[in-house]
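Structure file coords.cif (mmCIF, C-alpha atoms and all ligand atoms) is printed below.
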```cif
data_data
#
loop_
_atom_site.label_atom_id
_atom_site.label_comp_id
_atom_site.auth_asym_id
_atom_site.auth_seq_id
_atom_site.Cartn_x
_atom_site.Cartn_y
_atom_site.Cartn_z
CA MET A 721 27.19 102.02 96.28
CA LYS A 722 29.27 105.22 96.27
CA ILE A 723 28.37 107.42 93.30
CA ALA A 724 30.17 110.46 91.85
CA LEU A 725 27.70 112.63 89.95
CA ILE A 726 29.52 114.46 87.16
CA GLY A 727 27.08 117.19 86.16
CA TYR A 728 24.64 118.43 88.78
CA GLY A 729 22.05 120.06 86.57
CA LYS A 730 18.53 118.83 85.80
CA MET A 731 19.64 115.22 85.28
CA GLY A 732 22.28 115.13 88.03
CA GLN A 733 19.67 116.23 90.56
CA ALA A 734 17.02 113.79 89.27
CA ILE A 735 19.60 110.96 89.51
CA GLU A 736 20.55 111.99 93.05
CA ALA A 737 16.89 111.69 94.18
CA ILE A 738 16.56 108.16 92.74
CA ALA A 739 19.99 107.02 93.99
CA LEU A 740 19.36 108.21 97.56
CA GLY A 741 15.93 106.55 97.48
CA ARG A 742 17.65 103.25 96.62
CA GLY A 743 20.11 103.58 99.52
CA HIS A 744 23.17 104.72 97.56
CA GLU A 745 25.61 107.39 98.72
CA ILE A 746 26.55 110.44 96.63
CA VAL A 747 30.26 111.04 97.32
CA HIS A 748 30.66 113.96 94.87
CA ARG A 749 28.32 116.37 93.11
CA ILE A 750 30.61 117.77 90.42
CA ASP A 751 29.53 120.82 88.49
CA ILE A 752 31.15 123.49 86.37
CA ASN A 753 32.09 125.33 89.60
CA SER A 754 33.64 122.30 91.33
CA SER A 755 35.69 120.74 88.56
CA HIS A 756 38.68 120.27 90.93
CA LEU A 757 36.67 117.21 92.11
CA LEU A 758 37.47 115.62 88.75
CA GLU A 759 41.02 115.02 90.07
CA LYS A 760 41.91 111.34 90.39
CA GLU A 761 42.19 111.44 94.21
CA HIS A 762 38.53 112.53 94.48
CA LEU A 763 37.03 110.41 91.70
CA GLN A 764 38.70 107.31 93.16
CA GLN A 765 36.41 107.57 96.19
CA ALA A 766 33.46 106.44 94.05
CA ASP A 767 32.44 102.93 92.96
CA VAL A 768 30.93 104.40 89.81
CA ALA A 769 30.56 107.80 88.12
CA ILE A 770 27.40 109.00 86.37
CA GLU A 771 28.14 111.66 83.76
CA PHE A 772 25.42 114.05 82.49
CA THR A 773 27.07 117.32 81.47
CA THR A 774 27.47 118.99 78.08
CA PRO A 775 28.54 117.94 74.57
CA GLU A 776 31.81 119.92 75.05
CA THR A 777 32.81 118.38 78.41
CA ALA A 778 31.69 114.74 78.29
CA TYR A 779 34.78 113.32 76.54
CA ASP A 780 37.32 114.77 79.02
CA ASN A 781 35.20 113.71 81.98
CA ILE A 782 34.96 110.12 80.71
CA ILE A 783 38.74 109.90 80.18
CA ARG A 784 39.32 111.27 83.71
CA CYS A 785 37.14 108.44 85.07
CA PHE A 786 39.17 105.87 83.12
CA ASP A 787 42.40 107.36 84.53
CA ALA A 788 40.96 107.13 88.05
CA ASN A 789 39.90 103.49 87.45
CA VAL A 790 36.21 104.33 88.00
CA PRO A 791 33.45 102.76 85.85
CA VAL A 792 31.46 105.44 84.06
CA VAL A 793 27.81 105.63 82.97
CA CYS A 794 27.37 108.45 80.46
CA GLY A 795 24.10 109.97 79.27
CA THR A 796 25.40 113.21 77.78
CA THR A 797 24.40 113.58 74.12
CA GLY A 798 25.94 115.51 71.24
CA TRP A 799 29.57 114.33 71.55
CA LEU A 800 29.48 111.01 69.68
CA ASP A 801 32.09 112.00 67.07
CA LYS A 802 34.53 111.05 69.89
CA LEU A 803 32.89 107.70 70.72
CA PRO A 804 35.48 105.62 68.79
CA GLN A 805 38.28 107.27 70.84
CA VAL A 806 36.42 106.61 74.09
CA LYS A 807 35.92 102.96 73.16
CA SER A 808 39.56 102.41 72.30
CA GLN A 809 40.75 104.21 75.48
CA CYS A 810 38.34 102.11 77.54
CA LEU A 811 39.70 98.85 76.15
CA GLU A 812 43.35 99.97 76.29
CA LYS A 813 43.04 101.05 79.92
CA HIS A 814 40.88 98.02 80.93
CA GLN A 815 38.01 100.21 82.12
CA ALA A 816 34.18 100.07 82.11
CA PHE A 817 31.97 102.35 80.03
CA LEU A 818 28.23 102.39 79.41
CA TYR A 819 26.62 104.97 77.14
CA ALA A 820 22.93 105.35 76.28
CA SER A 821 21.31 108.17 74.33
CA ASN A 822 18.27 107.42 76.48
CA PHE A 823 18.20 105.46 79.75
CA SER A 824 14.43 105.06 80.15
CA ILE A 825 13.01 101.54 79.94
CA GLY A 826 10.17 102.86 77.76
CA VAL A 827 12.52 104.32 75.15
CA ASN A 828 14.67 101.19 75.11
CA ILE A 829 11.55 99.15 74.35
CA PHE A 830 10.59 101.81 71.78
CA PHE A 831 14.02 101.26 70.14
CA GLU A 832 13.13 97.58 69.70
CA LEU A 833 9.71 98.52 68.20
CA ASN A 834 11.37 101.01 65.87
CA ARG A 835 13.84 98.41 64.63
CA ARG A 836 11.06 95.86 63.99
CA LEU A 837 8.77 98.40 62.31
CA ALA A 838 11.63 99.51 60.02
CA GLU A 839 12.23 95.85 59.10
CA LEU A 840 8.52 95.40 58.23
CA MET A 841 8.38 98.65 56.25
CA ALA A 842 11.63 98.05 54.32
CA PRO A 843 9.95 96.35 51.31
CA GLN A 844 6.98 98.81 51.28
CA SER A 845 8.20 101.41 48.80
CA ALA A 846 4.89 103.35 48.84
CA TYR A 847 5.74 104.70 52.31
CA GLY A 848 8.05 107.58 53.16
CA VAL A 849 9.53 107.77 56.66
CA SER A 850 10.22 110.85 58.78
CA MET A 851 10.86 111.74 62.42
CA GLU A 852 9.99 114.51 64.85
CA GLU A 853 11.52 115.14 68.29
CA ILE A 854 10.31 117.71 70.82
CA HIS A 855 12.38 118.91 73.80
CA HIS A 856 12.60 121.86 76.21
CA THR A 857 14.28 125.06 75.04
CA GLN A 858 17.38 124.58 77.27
CA LYS A 859 18.50 121.59 75.25
CA LYS A 860 21.88 122.31 73.63
CA ASP A 861 21.97 119.68 70.87
CA ALA A 862 19.73 118.92 67.89
CA PRO A 863 18.66 116.44 66.84
CA SER A 864 18.43 114.67 70.19
CA GLY A 865 20.70 111.72 70.90
CA THR A 866 17.61 109.51 71.02
CA ALA A 867 16.53 110.71 67.56
CA ILE A 868 19.99 109.87 66.19
CA THR A 869 19.78 106.34 67.65
CA LEU A 870 16.30 105.90 66.12
CA ALA A 871 17.54 107.25 62.77
CA GLU A 872 20.53 104.90 62.72
CA GLN A 873 18.20 101.96 63.33
CA ILE A 874 15.98 103.03 60.41
CA LEU A 875 18.97 103.63 58.07
CA GLU A 876 20.21 100.13 58.84
CA LYS A 877 16.92 98.55 57.72
CA VAL A 878 15.25 100.78 55.10
CA PRO A 879 16.92 100.53 51.68
CA GLY A 880 17.37 103.78 49.80
CA LYS A 881 17.89 105.90 52.93
CA LYS A 882 21.55 106.94 52.96
CA GLY A 883 21.64 109.45 55.81
CA TRP A 884 19.63 111.83 58.01
CA VAL A 885 19.24 115.61 57.91
CA ASN A 886 17.97 117.88 60.67
CA GLU A 887 15.44 119.70 58.45
CA GLU A 888 12.58 119.04 56.04
CA SER A 889 13.86 117.24 52.94
CA THR A 890 12.49 116.29 49.53
CA ASP A 891 15.51 114.04 48.87
CA PRO A 892 14.20 110.45 49.17
CA ALA A 893 17.72 109.29 50.17
CA GLN A 894 17.62 111.46 53.32
CA LEU A 895 15.67 110.78 56.50
CA ALA A 896 14.27 114.10 57.73
CA ILE A 897 14.44 114.70 61.50
CA ILE A 898 12.46 117.74 62.61
CA SER A 899 13.51 119.17 66.00
CA LYS A 900 11.10 121.35 67.99
CA ARG A 901 11.99 123.20 71.19
CA ILE A 902 8.96 123.94 73.38
CA ASN A 903 8.54 124.21 77.18
CA PRO A 904 7.91 122.05 79.10
CA ALA A 905 8.94 118.96 77.11
CA PRO A 906 11.09 116.27 78.79
CA GLY A 907 11.30 114.41 75.45
CA THR A 908 8.91 113.20 72.73
CA HIS A 909 9.96 111.16 69.69
CA THR A 910 7.63 110.28 66.80
CA ILE A 911 8.31 108.20 63.70
CA THR A 912 5.84 108.32 60.83
CA TYR A 913 5.58 106.11 57.77
CA SER A 914 3.30 107.89 55.32
CA SER A 915 1.68 106.76 52.06
CA PRO A 916 -1.17 108.20 49.95
CA ILE A 917 -3.40 105.49 51.47
CA ASP A 918 -2.53 105.63 55.16
CA ASP A 919 0.01 106.56 57.85
CA ILE A 920 1.63 104.51 60.60
CA THR A 921 2.92 106.50 63.57
CA ILE A 922 4.75 105.40 66.71
CA THR A 923 5.42 107.88 69.54
CA HIS A 924 7.22 107.78 72.88
CA THR A 925 6.44 110.63 75.28
CA ALA A 926 8.38 111.10 78.52
CA HIS A 927 6.21 112.73 81.21
CA SER A 928 9.21 113.68 83.38
CA ARG A 929 12.97 112.97 83.78
CA GLU A 930 12.30 110.20 86.29
CA GLY A 931 12.57 107.39 83.74
CA PHE A 932 15.95 108.64 82.43
CA ALA A 933 17.29 109.00 86.00
CA ALA A 934 16.03 105.61 87.20
CA GLY A 935 17.54 103.92 84.14
CA ALA A 936 20.91 105.62 84.72
CA VAL A 937 20.99 104.42 88.37
CA THR A 938 20.04 100.88 87.27
CA ALA A 939 22.87 101.02 84.70
CA ALA A 940 25.34 102.16 87.40
CA GLU A 941 24.25 99.33 89.74
CA TRP A 942 24.72 96.88 86.88
CA LEU A 943 28.11 98.29 85.76
CA LYS A 944 29.81 98.23 89.19
CA GLY A 945 32.63 95.70 89.19
CA LYS A 946 32.51 95.04 85.41
CA LYS A 947 35.09 95.83 82.70
CA GLY A 948 34.30 96.55 79.04
CA ILE A 949 31.92 98.55 76.84
CA PHE A 950 28.20 98.15 77.38
CA THR A 951 24.79 99.55 76.41
CA MET A 952 21.28 99.47 77.90
CA LYS A 953 20.60 96.36 75.77
CA ASP A 954 23.05 94.54 78.07
CA VAL A 955 21.46 95.97 81.22
CA LEU A 956 17.88 95.18 80.18
CA SER A 957 18.73 91.92 78.33
CA LEU A 958 16.88 93.14 75.22
N1 LIG B 1001 20.74 109.68 78.07
C1 LIG B 1001 19.64 110.12 78.67
O1 LIG B 1001 18.75 109.34 79.08
C2 LIG B 1001 19.46 111.58 78.87
C3 LIG B 1001 20.44 112.44 78.44
N2 LIG B 1001 20.37 113.77 78.69
C4 LIG B 1001 21.53 114.54 78.32
O2 LIG B 1001 22.26 114.83 79.51
C5 LIG B 1001 22.97 116.06 79.38
C6 LIG B 1001 22.68 116.96 80.57
O3 LIG B 1001 21.32 117.28 80.58
P1 LIG B 1001 20.69 118.21 81.73
O4 LIG B 1001 21.03 117.70 83.07
O5 LIG B 1001 19.28 118.39 81.33
O6 LIG B 1001 21.51 119.57 81.46
P2 LIG B 1001 21.77 120.76 82.49
O7 LIG B 1001 22.21 121.92 81.67
O8 LIG B 1001 20.61 120.93 83.41
O9 LIG B 1001 23.00 120.23 83.36
C7 LIG B 1001 24.32 120.09 82.86
C8 LIG B 1001 25.23 120.35 84.03
O10 LIG B 1001 26.58 120.05 83.66
C9 LIG B 1001 27.42 120.97 84.35
N3 LIG B 1001 28.74 121.02 83.74
C10 LIG B 1001 29.14 121.75 82.67
N4 LIG B 1001 30.45 121.54 82.43
C11 LIG B 1001 30.87 120.65 83.37
C12 LIG B 1001 32.12 120.03 83.64
N5 LIG B 1001 33.20 120.28 82.92
N6 LIG B 1001 32.18 119.15 84.66
C13 LIG B 1001 31.12 118.90 85.42
N7 LIG B 1001 29.90 119.45 85.21
C14 LIG B 1001 29.79 120.32 84.20
C15 LIG B 1001 26.65 122.29 84.26
O11 LIG B 1001 27.07 123.18 85.25
C16 LIG B 1001 25.21 121.82 84.45
O12 LIG B 1001 24.80 121.88 85.79
C17 LIG B 1001 22.56 116.62 78.01
O13 LIG B 1001 23.54 116.26 77.06
C18 LIG B 1001 21.25 115.88 77.70
O14 LIG B 1001 21.00 115.78 76.33
C19 LIG B 1001 19.29 114.31 79.33
C20 LIG B 1001 18.27 113.53 79.73
C21 LIG B 1001 18.26 112.10 79.54
O1 LIG B 1002 18.30 116.91 76.86
C1 LIG B 1002 17.33 116.23 77.24
O2 LIG B 1002 16.49 116.67 78.03
C2 LIG B 1002 17.22 114.83 76.76
N1 LIG B 1002 18.22 114.36 76.09
C3 LIG B 1002 18.35 113.02 75.60
C4 LIG B 1002 18.47 113.04 74.08
O3 LIG B 1002 19.17 113.92 73.54
O4 LIG B 1002 17.89 112.16 73.44
C5 LIG B 1002 17.31 112.08 76.14
C6 LIG B 1002 15.96 112.69 76.41
O5 LIG B 1002 15.24 112.75 75.23
C7 LIG B 1002 16.04 114.01 77.12
#
```
Before anything else, please render the file you have as structure tokens.
Ligand SMILES: NC(=O)C1=CN([C@@H]2O[C@H](COP(=O)(O)OP(=O)(O)OC[C@H]3O[C@@H](n4cnc5c(N)ncnc54)[C@H](O)[C@@H]3O)[C@@H](O)[C@H]2O)C=CC1
Ligand SMILES: O=C(O)C1=N[C@H](C(=O)O)C[C@H](O)C1
Amino acid sequence: MKIALIGYGKMGQAIEAIALGRGHEIVHRIDINSSHLLEKEHLQQADVAIEFTTPETAYDNIIRCFDANVPVVCGTTGWLDKLPQVKSQCLEKHQAFLYASNFSIGVNIFFELNRRLAELMAPQSAYGVSMEEIHHTQKKDAPSGTAITLAEQILEKVPGKKGWVNEESTDPAQLAIISKRINPAPGTHTITYSSPIDDITITHTAHSREGFAAGAVTAAEWLKGKKGIFTMKDVLSL
């Protein structure tokens, strides 16, 4: 498979290593200094694009892929206010788009655990719920995309929680997400249900970026030749 890497930073390079190891070809490594490669004539040389850049650049990059008729796997976080526009553009232009806040198999299983735990805890009013996420200091967005996905799952199930805030909160209607930036930390997410009697805690800890990169390559292999809007639930049949 011919892959265009849009974003050749920590993730772009980790994805390249996995993709080459699986016999794929990298046709473009597009970074801030080589953005002319985002022109249609270049992007069209790829079977699929994998986009890991910045919250400010992801939207334009995705639309460029649609205009070049190239399926796009996107892992960039912090731009989701524009997700409805991306989805409508994807459908209008008959393109293929797959976004995940986290591509690792472990986190996608953790999402399922989180959903089930929230369902079980929903009637247990003695427990308060909170979240902590820890990442490296180069991370641009807070809370992490993964934390937002986890929070949305909890808000869907736990009555009385109306939204999340990225700070400590005494408002029972708000789910507090505490973000810590410490090196080295590829990504740790912890959810705690706490009562005067006991606590229940679930944690996912990434030991490296390998799981994110492998999941993104698997998603690209799966997306090639498809049309529509997909998530890792489709790829992993969860
Ligand atoms: N969904 C997932 O599983 C994961 C998502 N991420 C997300 O991926 C994104 C990138 O993360 P890292 O690689 O760690 O960041 P990074 O800062 O190491 O790399 C970002 C790269 O994008 C490049 N870039 C900036 N503007 C660009 C443009 N207009 N066109 C092309 N390239 C451009 C930069 O030069 C830089 O090399 C972040 O939003 C992060 O949160 C990170 C890990 C896993
Ligand atoms: O920026 C990172 O590094 C990561 N970003 C993603 C997120 O925002 O959730 C996924 C992972 O946690 C690493």
In Å, rounded to a single decimal, give me how far atom CA of A:Glu832 is from atom CA of A:Lys730.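 Distance reported for this atom pair: 27.2 Å.
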Surroundings of ligand LIG 1002 (chain B) up to 10 Å, based on all atoms listed in the file, as an NGL selection string: :A and (730-731 or 772-774 or 795-798 or 820-824 or 827 or 853-870 or 905-909 or 924-926 or 928-929 or 931-932)
From the set A:Ala846, A:Leu895, A:Val955, A:Ile949, which residue has the shortest atom-to-atom contact distance to A:Lys813, counting only C-alpha atoms? A:Ile949
Grab all the atoms of ligand LIG 1001 (chain B) that the file lists, wrap them in a box along x, y and z, add 4 Å per side, and give me centre plus edge lengths in Å (one decimal) as JSON.
```
{"center_x": 25.7, "center_y": 116.3, "center_z": 81.1, "size_x": 22.9, "size_y": 21.8, "size_z": 17.5}
```
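Distances from A:Ile752, A:Val793, A:Leu758, A:Met721 to ligand LIG 1001 (chain B) were compared using only C-alpha atoms and all ligand atoms, and the smallest one belongs to A:Ile752.
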Neighbour list for A:Pro791 as an NGL selection string, cut-off 12 Å, all atoms listed in the file, skip fewer than 3 positions in-chain: :A and (722-724 or 763-771 or 781-788 or 794 or 810 or 813-819 or 939-950)
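When atom CA of A:Ala933 is paired with atom CA of A:Ile738, their separation reads 6.8 Å.
Of the residues listed (A:Met952, A:Gly848, A:Glu872, A:Val878), A:Met952 shows the shortest atom-to-atom separation from A:Ala936; distances use all atoms listed in the file.
Here the question is which of A:Asp954, A:Asp751, A:Asp919, A:Glu887 gets nearest to A:Thr938 using only C-alpha atoms, and that residue is A:Asp954.
Distances to A:Gly826 were evaluated for A:Val937, A:Ala838, A:Leu956, A:Ile750 using all atoms listed in the file, and the minimum falls at A:Leu956.
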How far is it from atom CA of A:Ile922 to atom CA of A:Asn834, in Å with one decimal?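 These atoms are spaced 8.0 Å apart.
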